[in-house]
$ cat model_7.cif   # mmCIF, C-alpha atoms
data_protein
#
loop_
_atom_site.group_PDB
_atom_site.id
_atom_site.type_symbol
_atom_site.label_atom_id
_atom_site.label_comp_id
_atom_site.auth_asym_id
_atom_site.auth_seq_id
_atom_site.Cartn_x
_atom_site.Cartn_y
_atom_site.Cartn_z
ATOM 1 C CA PRO A 1 32.158 -85.072 73.241
ATOM 2 C CA GLY A 2 31.788 -83.128 70.033
ATOM 3 C CA ALA A 3 33.441 -79.770 69.552
ATOM 4 C CA ALA A 4 31.303 -76.654 69.428
ATOM 5 C CA PRO A 5 30.587 -75.263 65.960
ATOM 6 C CA SER A 6 32.785 -72.370 64.977
ATOM 7 C CA LEU A 7 31.008 -69.037 65.158
ATOM 8 C CA SER A 8 31.327 -66.188 62.710
ATOM 9 C CA ARG A 9 32.187 -62.713 63.979
ATOM 10 C CA GLY A 10 28.581 -61.551 63.741
ATOM 11 C CA ALA A 11 27.052 -64.518 65.533
ATOM 12 C CA ALA A 12 27.135 -62.920 68.974
ATOM 13 C CA ALA A 13 25.095 -59.998 67.709
ATOM 14 C CA HIS A 14 22.292 -62.409 66.852
ATOM 15 C CA ALA A 15 22.231 -64.160 70.223
ATOM 16 C CA VAL A 16 18.891 -65.445 71.400
ATOM 17 C CA THR A 17 16.805 -62.788 73.105
ATOM 18 C CA SER A 18 14.611 -65.198 75.064
ATOM 19 C CA ARG A 19 15.304 -65.002 78.805
ATOM 20 C CA ARG A 20 16.855 -68.197 80.060
ATOM 21 C CA PRO A 21 14.761 -69.976 82.686
ATOM 22 C CA SER A 22 16.304 -69.797 86.146
ATOM 23 C CA LEU A 23 16.495 -73.579 86.312
ATOM 24 C CA PHE A 24 19.571 -73.419 84.061
ATOM 25 C CA ARG A 25 21.518 -72.088 87.019
ATOM 26 C CA ARG A 26 20.908 -75.395 88.724
ATOM 27 C CA SER A 27 21.334 -77.913 85.949
ATOM 28 C CA GLY A 28 23.389 -76.255 83.206
ATOM 29 C CA PRO A 29 23.703 -77.462 79.602
ATOM 30 C CA PRO A 30 23.134 -81.201 79.062
ATOM 31 C CA PRO A 31 26.028 -83.517 78.137
ATOM 32 C CA ARG A 32 26.566 -84.541 74.536
ATOM 33 C CA PRO A 33 26.509 -88.171 73.388
ATOM 34 C CA ALA A 34 29.820 -89.943 72.962
ATOM 35 C CA GLY A 35 30.817 -89.778 69.316
ATOM 36 C CA SER A 36 28.826 -86.622 68.574
ATOM 37 C CA ALA A 37 31.787 -85.033 66.782
ATOM 38 C CA ARG A 38 31.944 -88.060 64.483
ATOM 39 C CA TYR A 39 28.201 -87.891 63.866
ATOM 40 C CA ALA A 40 28.532 -84.253 62.828
ATOM 41 C CA GLU A 41 31.097 -85.154 60.168
ATOM 42 C CA LEU A 42 29.606 -88.456 58.975
ATOM 43 C CA ARG A 43 28.115 -88.611 55.485
ATOM 44 C CA ALA A 44 26.574 -92.082 55.147
ATOM 45 C CA ILE A 45 24.699 -91.159 51.958
ATOM 46 C CA ASN A 46 26.263 -89.723 48.811
ATOM 47 C CA ALA A 47 25.126 -86.411 47.380
ATOM 48 C CA ARG A 48 25.972 -84.324 44.347
ATOM 49 C CA PRO A 49 28.543 -81.576 45.008
ATOM 50 C CA THR A 50 25.879 -78.954 44.279
ATOM 51 C CA GLU A 51 23.498 -80.164 47.025
ATOM 52 C CA VAL A 52 23.640 -77.922 50.117
ATOM 53 C CA VAL A 53 20.440 -78.716 52.066
ATOM 54 C CA THR A 54 18.855 -82.037 53.048
ATOM 55 C CA ILE A 55 15.080 -81.865 53.488
ATOM 56 C CA THR A 56 14.187 -84.666 55.871
ATOM 57 C CA TYR A 57 10.895 -86.443 56.562
ATOM 58 C CA LEU A 58 9.984 -89.122 59.088
ATOM 59 C CA TYR A 59 7.769 -91.819 57.604
ATOM 60 C CA TYR A 60 5.601 -94.604 58.970
ATOM 61 C CA ALA A 61 3.481 -96.955 56.828
ATOM 62 C CA ASP A 62 1.552 -94.358 54.767
ATOM 63 C CA SER A 63 2.675 -95.387 51.277
ATOM 64 C CA GLU A 64 0.037 -93.413 49.363
ATOM 65 C CA PHE A 65 0.925 -90.282 51.285
ATOM 66 C CA LEU A 66 4.643 -90.718 50.559
ATOM 67 C CA ALA A 67 3.997 -91.255 46.847
ATOM 68 C CA LYS A 68 2.269 -87.851 46.709
ATOM 69 C CA HIS A 69 5.240 -86.224 48.414
ATOM 70 C CA VAL A 70 7.724 -87.743 45.954
ATOM 71 C CA GLU A 71 5.572 -86.613 43.043
ATOM 72 C CA TYR A 72 5.574 -83.096 44.494
ATOM 73 C CA TRP A 73 9.367 -83.093 44.955
ATOM 74 C CA ASN A 74 9.909 -84.261 41.373
ATOM 75 C CA ALA A 75 7.999 -81.174 40.190
ATOM 76 C CA TYR A 76 10.435 -78.753 41.879
ATOM 77 C CA PRO A 77 12.253 -76.418 39.474
ATOM 78 C CA THR A 78 15.503 -77.914 38.208
ATOM 79 C CA THR A 79 17.503 -75.057 39.718
ATOM 80 C CA LEU A 80 16.274 -76.095 43.170
ATOM 81 C CA LEU A 81 16.691 -79.829 42.654
ATOM 82 C CA GLU A 82 20.374 -79.262 41.929
ATOM 83 C CA LYS A 83 20.832 -77.999 45.495
ATOM 84 C CA ILE A 84 18.371 -80.147 47.496
ATOM 85 C CA HIS A 85 18.542 -83.726 48.746
ATOM 86 C CA PHE A 86 15.418 -85.383 50.177
ATOM 87 C CA LEU A 87 15.878 -87.925 52.966
ATOM 88 C CA VAL A 88 13.073 -90.209 54.171
ATOM 89 C CA VAL A 89 13.569 -91.978 57.503
ATOM 90 C CA ASP A 90 11.338 -95.056 57.582
ATOM 91 C CA ASP A 91 10.620 -95.464 61.286
ATOM 92 C CA GLY A 92 10.031 -99.219 61.394
ATOM 93 C CA SER A 93 7.120 -99.562 58.954
ATOM 94 C CA PRO A 94 5.723 -103.095 58.607
ATOM 95 C CA ALA A 95 6.598 -105.276 55.630
ATOM 96 C CA GLY A 96 4.649 -104.293 52.544
ATOM 97 C CA ARG A 97 4.456 -100.632 53.619
ATOM 98 C CA ARG A 98 8.113 -99.693 53.631
ATOM 99 C CA ALA A 99 9.222 -96.417 52.090
ATOM 100 C CA ALA A 100 11.987 -97.621 49.756
ATOM 101 C CA PRO A 101 9.759 -99.402 47.187
ATOM 102 C CA ILE A 102 7.512 -96.343 46.986
ATOM 103 C CA VAL A 103 10.446 -94.030 46.362
ATOM 104 C CA GLU A 104 11.954 -96.330 43.736
ATOM 105 C CA LYS A 105 8.621 -96.721 41.946
ATOM 106 C CA ASN A 106 8.220 -92.945 41.745
ATOM 107 C CA ARG A 107 11.875 -92.149 41.103
ATOM 108 C CA GLY A 108 12.299 -88.912 39.105
ATOM 109 C CA PRO A 109 14.584 -85.887 38.906
ATOM 110 C CA ALA A 110 14.539 -85.287 42.677
ATOM 111 C CA SER A 111 17.395 -86.791 44.695
ATOM 112 C CA VAL A 112 15.592 -88.967 47.259
ATOM 113 C CA SER A 113 17.210 -91.391 49.701
ATOM 114 C CA VAL A 114 15.633 -93.721 52.242
ATOM 115 C CA VAL A 115 17.105 -95.012 55.475
ATOM 116 C CA GLU A 116 15.186 -97.745 57.323
ATOM 117 C CA ILE A 117 14.961 -98.494 61.031
ATOM 118 C CA ASP A 118 14.517 -102.235 61.493
ATOM 119 C CA GLN A 119 12.519 -102.162 64.737
ATOM 120 C CA ASP A 120 8.984 -100.777 65.037
ATOM 121 C CA LEU A 121 9.464 -98.662 68.164
ATOM 122 C CA VAL A 122 6.444 -96.752 69.468
ATOM 123 C CA TRP A 123 6.867 -92.956 69.289
ATOM 124 C CA ASN A 124 10.475 -93.199 68.107
ATOM 125 C CA VAL A 125 10.499 -89.576 66.958
ATOM 126 C CA ALA A 126 13.709 -88.710 68.800
ATOM 127 C CA GLY A 127 15.547 -91.755 67.481
ATOM 128 C CA ALA A 128 14.441 -91.186 63.889
ATOM 129 C CA ARG A 129 15.513 -87.537 64.041
ATOM 130 C CA ASN A 130 18.888 -88.524 65.436
ATOM 131 C CA LEU A 131 19.357 -90.999 62.601
ATOM 132 C CA ALA A 132 18.533 -88.308 60.037
ATOM 133 C CA ALA A 133 21.161 -86.036 61.589
ATOM 134 C CA VAL A 134 23.749 -88.819 61.308
ATOM 135 C CA VAL A 135 23.230 -90.023 57.732
ATOM 136 C CA ALA A 136 22.252 -86.766 55.978
ATOM 137 C CA PRO A 137 24.639 -86.068 53.085
ATOM 138 C CA THR A 138 24.829 -82.276 53.537
ATOM 139 C CA ASP A 139 26.039 -80.000 56.331
ATOM 140 C CA VAL A 140 22.603 -78.353 56.677
ATOM 141 C CA LEU A 141 19.211 -80.015 57.311
ATOM 142 C CA MET A 142 15.578 -78.977 57.356
ATOM 143 C CA LEU A 143 13.602 -81.413 59.500
ATOM 144 C CA ASN A 144 9.916 -81.664 58.589
ATOM 145 C CA ASP A 145 6.654 -83.297 59.557
ATOM 146 C CA MET A 146 5.135 -85.677 56.994
ATOM 147 C CA ASP A 147 1.803 -83.871 57.345
ATOM 148 C CA TYR A 148 3.297 -80.811 55.644
ATOM 149 C CA ARG A 149 4.950 -80.326 52.329
ATOM 150 C CA VAL A 150 7.752 -77.848 51.712
ATOM 151 C CA PRO A 151 6.844 -75.466 48.871
ATOM 152 C CA PRO A 152 9.656 -74.414 46.513
ATOM 153 C CA GLY A 153 9.713 -70.995 48.171
ATOM 154 C CA VAL A 154 10.624 -72.578 51.511
ATOM 155 C CA ALA A 155 13.380 -74.596 49.822
ATOM 156 C CA GLU A 156 14.705 -71.384 48.265
ATOM 157 C CA TRP A 157 14.750 -69.769 51.717
ATOM 158 C CA ALA A 158 16.681 -72.736 53.134
ATOM 159 C CA ILE A 159 19.243 -72.616 50.339
ATOM 160 C CA ALA A 160 19.713 -68.864 50.795
ATOM 161 C CA HIS A 161 20.326 -69.285 54.540
ATOM 162 C CA SER A 162 22.361 -72.500 54.357
ATOM 163 C CA ALA A 163 25.833 -70.946 54.286
ATOM 164 C CA ARG A 164 25.270 -68.881 57.431
ATOM 165 C CA VAL A 165 23.605 -71.773 59.265
ATOM 166 C CA ALA A 166 26.560 -74.021 58.389
ATOM 167 C CA GLN A 167 29.031 -71.475 59.814
ATOM 168 C CA THR A 168 27.202 -70.585 63.032
ATOM 169 C CA CYS A 169 25.351 -72.288 65.854
ATOM 170 C CA HIS A 170 21.929 -71.174 64.655
ATOM 171 C CA LEU A 171 18.843 -73.331 65.165
ATOM 172 C CA TRP A 172 15.715 -72.101 63.393
ATOM 173 C CA ASN A 173 12.472 -73.494 64.799
ATOM 174 C CA GLY A 174 8.744 -72.819 64.504
ATOM 175 C CA PHE A 175 8.091 -72.337 60.788
ATOM 176 C CA PRO A 176 4.780 -70.784 59.664
ATOM 177 C CA ARG A 177 2.048 -73.098 58.405
ATOM 178 C CA ASP A 178 -0.965 -72.331 56.285
ATOM 179 C CA GLU A 179 -3.757 -73.826 58.385
ATOM 180 C CA VAL A 180 -5.864 -72.203 61.073
ATOM 181 C CA VAL A 181 -5.502 -74.131 64.323
ATOM 182 C CA PRO A 182 -7.595 -73.364 67.400
ATOM 183 C CA HIS A 183 -5.728 -73.418 70.684
ATOM 184 C CA VAL A 184 -5.936 -71.997 74.180
ATOM 185 C CA SER A 185 -3.754 -69.156 75.412
ATOM 186 C CA ARG A 186 -2.181 -68.953 78.853
ATOM 187 C CA THR A 187 -5.113 -66.835 80.008
ATOM 188 C CA GLY A 188 -7.499 -69.644 79.078
ATOM 189 C CA ALA A 189 -9.054 -67.729 76.183
ATOM 190 C CA ALA A 190 -9.624 -69.583 72.930
ATOM 191 C CA VAL A 191 -7.710 -67.988 70.072
ATOM 192 C CA THR A 192 -6.954 -68.813 66.456
ATOM 193 C CA CYS A 193 -4.101 -67.766 64.233
ATOM 194 C CA SER A 194 -2.579 -68.940 60.999
ATOM 195 C CA GLY A 195 0.488 -68.593 58.900
ATOM 196 C CA ARG A 196 2.368 -65.364 59.413
ATOM 197 C CA ALA A 197 0.384 -64.152 62.415
ATOM 198 C CA ALA A 198 2.499 -63.903 65.550
ATOM 199 C CA PRO A 199 1.758 -66.604 68.129
ATOM 200 C CA ALA A 200 -0.865 -65.547 70.645
ATOM 201 C CA SER A 201 1.120 -67.187 73.410
ATOM 202 C CA LYS A 202 4.454 -68.881 73.826
ATOM 203 C CA GLY A 203 4.928 -72.102 75.669
ATOM 204 C CA ALA A 204 7.735 -72.916 78.053
ATOM 205 C CA PHE A 205 11.300 -72.438 76.843
ATOM 206 C CA GLY A 206 10.399 -70.651 73.615
ATOM 207 C CA GLY A 207 7.664 -72.965 72.362
ATOM 208 C CA HIS A 208 4.807 -71.714 70.243
ATOM 209 C CA GLY A 209 1.246 -71.416 71.422
ATOM 210 C CA GLY A 210 0.077 -74.372 69.354
ATOM 211 C CA GLY A 211 -1.535 -72.886 66.289
ATOM 212 C CA CYS A 212 0.579 -70.524 64.200
ATOM 213 C CA THR A 213 3.827 -72.330 63.648
ATOM 214 C CA HIS A 214 5.023 -75.912 63.564
ATOM 215 C CA PRO A 215 7.154 -76.867 66.595
ATOM 216 C CA GLY A 216 8.659 -79.920 64.924
ATOM 217 C CA VAL A 217 10.047 -78.172 61.834
ATOM 218 C CA SER A 218 13.631 -77.042 62.342
ATOM 219 C CA PHE A 219 16.570 -75.820 60.261
ATOM 220 C CA PHE A 220 20.123 -76.376 61.482
ATOM 221 C CA SER A 221 23.574 -77.713 60.704
ATOM 222 C CA LYS A 222 24.727 -81.164 61.723
ATOM 223 C CA LYS A 223 27.420 -79.594 63.915
ATOM 224 C CA THR A 224 24.827 -77.513 65.750
ATOM 225 C CA TYR A 225 22.488 -80.475 66.207
ATOM 226 C CA TRP A 226 25.140 -82.645 67.807
ATOM 227 C CA HIS A 227 26.603 -79.774 69.803
ATOM 228 C CA LEU A 228 23.156 -79.586 71.423
ATOM 229 C CA GLY A 229 23.292 -83.316 72.131
ATOM 230 C CA GLY A 230 20.661 -84.408 69.619
ATOM 231 C CA ASN A 231 17.176 -85.519 70.637
ATOM 232 C CA GLU A 232 16.510 -87.296 73.945
ATOM 233 C CA GLU A 233 15.865 -90.962 73.150
ATOM 234 C CA ASP A 234 14.669 -91.766 76.670
ATOM 235 C CA LEU A 235 11.383 -90.224 75.466
ATOM 236 C CA VAL A 236 10.890 -93.098 73.003
ATOM 237 C CA GLY A 237 7.971 -95.371 73.783
ATOM 238 C CA PHE A 238 5.710 -92.564 75.000
ATOM 239 C CA TYR A 239 4.164 -89.533 73.364
ATOM 240 C CA GLY A 240 5.171 -85.892 73.636
ATOM 241 C CA HIS A 241 7.851 -83.431 74.773
ATOM 242 C CA THR A 242 10.354 -84.259 72.013
ATOM 243 C CA ASP A 243 10.235 -80.693 70.684
ATOM 244 C CA PRO A 244 10.233 -78.846 74.061
ATOM 245 C CA ILE A 245 13.215 -80.756 75.419
ATOM 246 C CA PHE A 246 15.235 -80.094 72.256
ATOM 247 C CA ARG A 247 14.419 -76.372 72.412
ATOM 248 C CA TRP A 248 15.446 -76.447 76.073
ATOM 249 C CA LYS A 249 18.829 -77.839 75.062
ATOM 250 C CA ALA A 250 19.245 -75.014 72.552
ATOM 251 C CA LEU A 251 18.469 -72.373 75.164
ATOM 252 C CA ALA A 252 20.750 -74.115 77.669
ATOM 253 C CA THR A 253 23.760 -73.501 75.397
ATOM 254 C CA TYR A 254 23.232 -69.715 75.385
ATOM 255 C CA PRO A 255 25.164 -67.607 74.421
ATOM 256 C CA ILE A 256 27.116 -70.060 72.238
ATOM 257 C CA CYS A 257 24.043 -71.137 70.288
ATOM 258 C CA ASP A 258 21.191 -69.026 68.982
ATOM 259 C CA LEU A 259 17.613 -70.352 69.023
ATOM 260 C CA LYS A 260 15.914 -68.328 66.298
ATOM 261 C CA GLN A 261 12.148 -68.810 66.267
ATOM 262 C CA HIS A 262 9.219 -67.987 64.007
ATOM 263 C CA PRO A 263 10.998 -66.708 60.856
ATOM 264 C CA ARG A 264 8.813 -64.158 59.077
ATOM 265 C CA ASP A 265 10.555 -64.004 55.696
ATOM 266 C CA VAL A 266 9.718 -67.579 54.677
ATOM 267 C CA PRO A 267 6.585 -68.904 52.893
ATOM 268 C CA GLU A 268 4.166 -71.114 54.778
ATOM 269 C CA LEU A 269 4.361 -74.876 54.969
ATOM 270 C CA GLN A 270 1.365 -76.496 53.286
ATOM 271 C CA ARG A 271 -0.820 -78.882 55.250
ATOM 272 C CA VAL A 272 -1.739 -82.145 53.521
ATOM 273 C CA SER A 273 -4.060 -84.835 54.822
ATOM 274 C CA ALA A 274 -2.405 -88.033 55.956
ATOM 275 C CA GLY A 275 -3.693 -91.462 55.012
ATOM 276 C CA ASP A 276 -3.902 -94.690 56.971
ATOM 277 C CA THR A 277 -0.931 -95.661 59.157
ATOM 278 C CA GLY A 278 -2.701 -98.347 61.145
ATOM 279 C CA PRO A 279 -3.865 -98.274 64.790
ATOM 280 C CA ARG A 280 -2.775 -95.128 66.629
ATOM 281 C CA ALA A 281 -0.559 -95.434 69.666
ATOM 282 C CA SER A 282 -1.507 -93.809 72.949
ATOM 283 C CA ARG A 283 -0.967 -90.048 73.202
ATOM 284 C CA TRP A 284 -0.804 -90.004 76.992
ATOM 285 C CA GLN A 285 1.937 -87.501 77.931
ATOM 286 C CA GLY A 286 2.238 -88.027 81.684
ATOM 287 C CA ARG A 287 5.415 -90.099 81.612
ATOM 288 C CA ASN A 288 7.315 -87.805 79.234
ATOM 289 C CA LYS A 289 6.072 -84.704 81.040
ATOM 290 C CA ALA A 290 7.674 -86.030 84.223
ATOM 291 C CA LEU A 291 10.852 -86.958 82.351
ATOM 292 C CA PHE A 292 11.059 -83.445 80.871
ATOM 293 C CA HIS A 293 10.734 -81.888 84.324
ATOM 294 C CA ASN A 294 13.285 -84.189 85.925
ATOM 295 C CA ARG A 295 15.896 -83.763 83.185
ATOM 296 C CA THR A 296 15.606 -79.991 82.878
ATOM 297 C CA THR A 297 15.737 -79.404 86.631
ATOM 298 C CA GLY A 298 18.688 -81.690 87.239
ATOM 299 C CA VAL A 299 16.775 -84.350 89.159
ATOM 300 C CA GLU A 300 17.854 -86.903 86.561
ATOM 301 C CA PRO A 301 20.784 -86.759 84.111
ATOM 302 C CA PHE A 302 20.221 -86.551 80.372
ATOM 303 C CA SER A 303 21.000 -89.706 78.458
ATOM 304 C CA THR A 304 24.145 -89.855 76.341
ATOM 305 C CA THR A 305 23.292 -92.807 74.086
ATOM 306 C CA VAL A 306 21.603 -92.518 70.711
ATOM 307 C CA LEU A 307 20.546 -94.761 67.808
ATOM 308 C CA ARG A 308 19.249 -97.563 70.008
ATOM 309 C CA PHE A 309 18.172 -99.681 67.056
ATOM 310 C CA SER A 310 19.562 -101.234 63.899
ATOM 311 C CA TRP A 311 19.184 -99.410 60.607
ATOM 312 C CA ARG A 312 20.155 -99.608 56.961
ATOM 313 C CA ILE A 313 20.347 -97.433 53.866
ATOM 314 C CA ALA A 314 17.496 -98.735 51.699
ATOM 315 C CA ALA A 315 17.478 -96.459 48.646
ATOM 316 C CA THR A 316 19.733 -93.812 47.129
ATOM 317 C CA PRO A 317 19.619 -91.966 43.808
ATOM 318 C CA TYR A 318 23.324 -92.510 43.027
#
$ encode --input "model_7.cif" --output "structure tokens"
Amino acid sequence: PGAAPSLSRGAAAHAVTSRRPSLFRRSGPPPRPAGSARYAELRAINARPTEVVTITYLYYADSEFLAKHVEYWNAYPTTLLEKIHFLVVDDGSPAGRRAAPIVEKNRGPASVSVVEIDQDLVWNVAGARNLAAVVAPTDVLMLNDMDYRVPPGVAEWAIAHSARVAQTCHLWNGFPRDEVVPHVSRTGAAVTCSGRAAPASKGAFGGHGGGCTHPGVSFFSKKTYWHLGGNEEDLVGFYGHTDPIFRWKALATYPICDLKQHPRDVPELQRVSAGDTGPRASRWQGRNKALFHNRTTGVEPFSTTVLRFSWRIAATPY
């Protein structure tokens, strides 16, 4: 198993304030995958020495959408582009809609790499995130949803916080977004919030209420990610619970790791409309809901295998 990230002297003072669920007393922290220490150190893609943060996106089949993202990245200020690497994980897109040709066609000043998963696995979010955390060329990653673009101000925030994140076991999660999303609070009342507004309710294990922040956008070091055991790939094939189970792992490592949620000093992510990705897979969550319960209560063990597919580096800027 991988070694725990080294902690700076001040890390303990920033320990997570969320109360740990009592179930941790029964199950304890999950095991880490074999080889996690190697994954934390691996750099499968080259980067310039000045690059300190990898901004990562998961992609599937929406070539027009990706082209707009690359165009946006190429317009970043040069001072930012010197310190940022963009990584696109193509999660098994069909032939003719792969990410690499789109990136190469729109190649510009931004450093953009593409890694391809060969198999088209339904709801392979956990596997694609694990792959990103293996091949990323920098110590620090920002994991994003393709439906949101990262404004330069967010990239500046990530660069400014990268050194501390690399030195400590900090996991930032739940970044503000600019849209207004209706959702239902625990009391059953309909509420709306947007951007910087505090969540009206928090879900289990530190999750957001569903409208104010994005649960799938995280900021962490590779050492932290693999110390937490990465994402649970037994969820693949069915929808949901990828984010809650990863947050649970972060809380389960308390007080070594610090789950820091809903940063207030960062600009909002910008919502963009997605295009056509083909027929949508089922969003039924029953199977993964049961898996989440069984793993976090100790009924079933967490898996310790990752990257259950073949993959290749399809495009690099260097």
$ closest_residue --input "model_7.cif" --among "A:Gly96, A:Arg295, A:Thr56, A:Leu81" --to "Ser218 in chain A" --atoms "only C-alpha atoms"
A:Thr56
$ atom_distance --input "model_7.cif" --atom1 "CA of Lys222 in chain A" --atom2 "CA of Pro109 in chain A"
25.4 Å
$ residues_near_point --input "model_7.cif" --point "(29.8, -84.3, 43.2)" --cutoff "12 Å" --atoms "only C-alpha atoms" --output "PyMOL selection string"
chain A and resi 46-52+82-83+137-138+318
$ write_last_selection --input "model_7.cif" --atoms "C-alpha atoms" --output "PDB file, keeping the file's coordinate frame"
ATOM      1  CA  ASN A  46      26.263 -89.723  48.811  1.00  0.00           C
ATOM      2  CA  ALA A  47      25.126 -86.411  47.380  1.00  0.00           C
ATOM      3  CA  ARG A  48      25.972 -84.324  44.347  1.00  0.00           C
ATOM      4  CA  PRO A  49      28.543 -81.576  45.008  1.00  0.00           C
ATOM      5  CA  THR A  50      25.879 -78.954  44.279  1.00  0.00           C
ATOM      6  CA  GLU A  51      23.498 -80.164  47.025  1.00  0.00           C
ATOM      7  CA  VAL A  52      23.640 -77.922  50.117  1.00  0.00           C
ATOM      8  CA  GLU A  82      20.374 -79.262  41.929  1.00  0.00           C
ATOM      9  CA  LYS A  83      20.832 -77.999  45.495  1.00  0.00           C
ATOM     10  CA  PRO A 137      24.639 -86.068  53.085  1.00  0.00           C
ATOM     11  CA  THR A 138      24.829 -82.276  53.537  1.00  0.00           C
ATOM     12  CA  TYR A 318      23.324 -92.510  43.027  1.00  0.00           C
TER      13      TYR A 318
END
$ residues_around --input "model_7.cif" --residues "Tyr60 in chain A" --least-positions-apart "5" --cutoff "6 Å" --atoms "all atoms listed in the file" --output "ChimeraX atom specification"
/A:90-91,93
$ closest_residue --input "model_7.cif" --among "A:Thr79, A:Gln261, A:Asn130, A:Ser113" --to "Phe175 in chain A" --atoms "only C-alpha atoms"
A:Gln261
$ resolve_selection --input "model_7.cif" --expression "the PyMOL selection byres ((chain A and resi 271) around 10)" --output "compact mmCIF listing (two decimals) with C-alpha atoms, keeping the file's coordinate frame"
# COMPACT_ATOMS: atom_id res chain seq x y z
CA ASP A 145 6.65 -83.30 59.56
CA MET A 146 5.14 -85.68 56.99
CA ASP A 147 1.80 -83.87 57.34
CA TYR A 148 3.30 -80.81 55.64
CA ARG A 149 4.95 -80.33 52.33
CA VAL A 150 7.75 -77.85 51.71
CA ARG A 177 2.05 -73.10 58.40
CA ASP A 178 -0.96 -72.33 56.28
CA GLU A 179 -3.76 -73.83 58.38
CA GLU A 268 4.17 -71.11 54.78
CA LEU A 269 4.36 -74.88 54.97
CA GLN A 270 1.36 -76.50 53.29
CA VAL A 272 -1.74 -82.14 53.52
CA SER A 273 -4.06 -84.84 54.82
CA ALA A 274 -2.40 -88.03 55.96
$ atom_distance --input "model_7.cif" --atom1 "CA of Gly298 in chain A" --atom2 "CA of Thr213 in chain A"
29.4 Å
$ atom_distance --input "model_7.cif" --atom1 "CA of Gly229 in chain A" --atom2 "CA of His262 in chain A"
22.3 Å
$ resolve_selection --input "model_7.cif" --expression "the PyMOL selection byres ((chain A and resi 85) around 7)" --output "VMD selection string"
chain A and resid 51 53 to 55 83 to 84 86 to 87 111 to 112
$ closest_residue --input "model_7.cif" --among "A:Leu58, A:Ala110, A:Gln167, A:Arg43" --to "Glu71 in chain A" --atoms "all atoms listed in the file"
A:Ala110
$ residues_near_point --input "model_7.cif" --point "(14.1, -100.4, 62.3)" --cutoff "10 Å" --atoms "all atoms listed in the file" --output "PyMOL selection string"
chain A and resi 89-94+115-121+124+128+308-312
$ write_last_selection --input "model_7.cif" --atoms "C-alpha atoms" --output "compact mmCIF listing (two decimals), in the frame of the given file"
# COMPACT_ATOMS: atom_id res chain seq x y z
CA VAL A 89 13.57 -91.98 57.50
CA ASP A 90 11.34 -95.06 57.58
CA ASP A 91 10.62 -95.46 61.29
CA GLY A 92 10.03 -99.22 61.39
CA SER A 93 7.12 -99.56 58.95
CA PRO A 94 5.72 -103.10 58.61
CA VAL A 115 17.10 -95.01 55.48
CA GLU A 116 15.19 -97.74 57.32
CA ILE A 117 14.96 -98.49 61.03
CA ASP A 118 14.52 -102.24 61.49
CA GLN A 119 12.52 -102.16 64.74
CA ASP A 120 8.98 -100.78 65.04
CA LEU A 121 9.46 -98.66 68.16
CA ASN A 124 10.48 -93.20 68.11
CA ALA A 128 14.44 -91.19 63.89
CA ARG A 308 19.25 -97.56 70.01
CA PHE A 309 18.17 -99.68 67.06
CA SER A 310 19.56 -101.23 63.90
CA TRP A 311 19.18 -99.41 60.61
CA ARG A 312 20.16 -99.61 56.96
$ closest_residue --input "model_7.cif" --among "A:Glu104, A:Ser36, A:His214, A:Ile45" --to "Leu66 in chain A" --atoms "all atoms listed in the file"
A:Glu104
$ residues_around --input "model_7.cif" --residues "range 287-293 of chain A" --least-positions-apart "2" --cutoff "12 Å" --atoms "only C-alpha atoms" --output "VMD selection string"
chain A and resid 23 27 123 204 to 205 232 to 249 282 to 285 295 to 303
$ resolve_selection --input "model_7.cif" --expression "the PyMOL selection byres ((chain A and resi 105) around 12)" --output "number ranges by chain"
A: 63-64, 66-68, 70-71, 99-104, 106-108, 112, 315
$ closest_residue --input "model_7.cif" --among "A:Trp73, A:Phe220, A:Tyr59, A:Trp172" --to "Pro263 in chain A" --atoms "all atoms listed in the file"
A:Trp172
$ closest_residue --input "model_7.cif" --among "A:Arg32, A:Arg264, A:His69, A:Arg97" --to "Thr224 in chain A" --atoms "only C-alpha atoms"
A:Arg32
$ decode --input "model_7.cif" --residues "range 218-240 of chain A" --atoms "C-alpha atoms" --output "short mmCIF file (atom, residue, chain, number, x, y, z; two decimals), in the first residue's frame"
data_model
loop_
_atom_site.label_atom_id
_atom_site.label_comp_id
_atom_site.auth_asym_id
_atom_site.auth_seq_id
_atom_site.Cartn_x
_atom_site.Cartn_y
_atom_site.Cartn_z
CA SER A 218 -12.07 18.35 -6.62
CA PHE A 219 -8.56 19.68 -6.04
CA PHE A 220 -5.89 17.41 -4.58
CA SER A 221 -2.41 15.97 -4.92
CA LYS A 222 -1.72 12.59 -6.46
CA LYS A 223 -0.31 11.38 -3.13
CA THR A 224 -3.51 12.37 -1.33
CA TYR A 225 -5.72 10.75 -3.97
CA TRP A 226 -3.98 7.40 -3.74
CA HIS A 227 -3.63 7.59 0.03
CA LEU A 228 -7.44 7.68 0.04
CA GLY A 229 -7.52 4.63 -2.22
CA GLY A 230 -8.74 6.36 -5.37
CA ASN A 231 -12.29 5.98 -6.69
CA GLU A 232 -14.29 2.77 -6.21
CA GLU A 233 -14.40 0.99 -9.58
CA ASP A 234 -17.00 -1.54 -8.43
CA LEU A 235 -19.47 1.31 -9.07
CA VAL A 236 -18.74 1.15 -12.82
CA GLY A 237 -21.63 -0.04 -14.94
CA PHE A 238 -24.28 1.75 -12.88
CA TYR A 239 -25.04 5.38 -12.15
CA GLY A 240 -24.37 7.37 -9.00
#
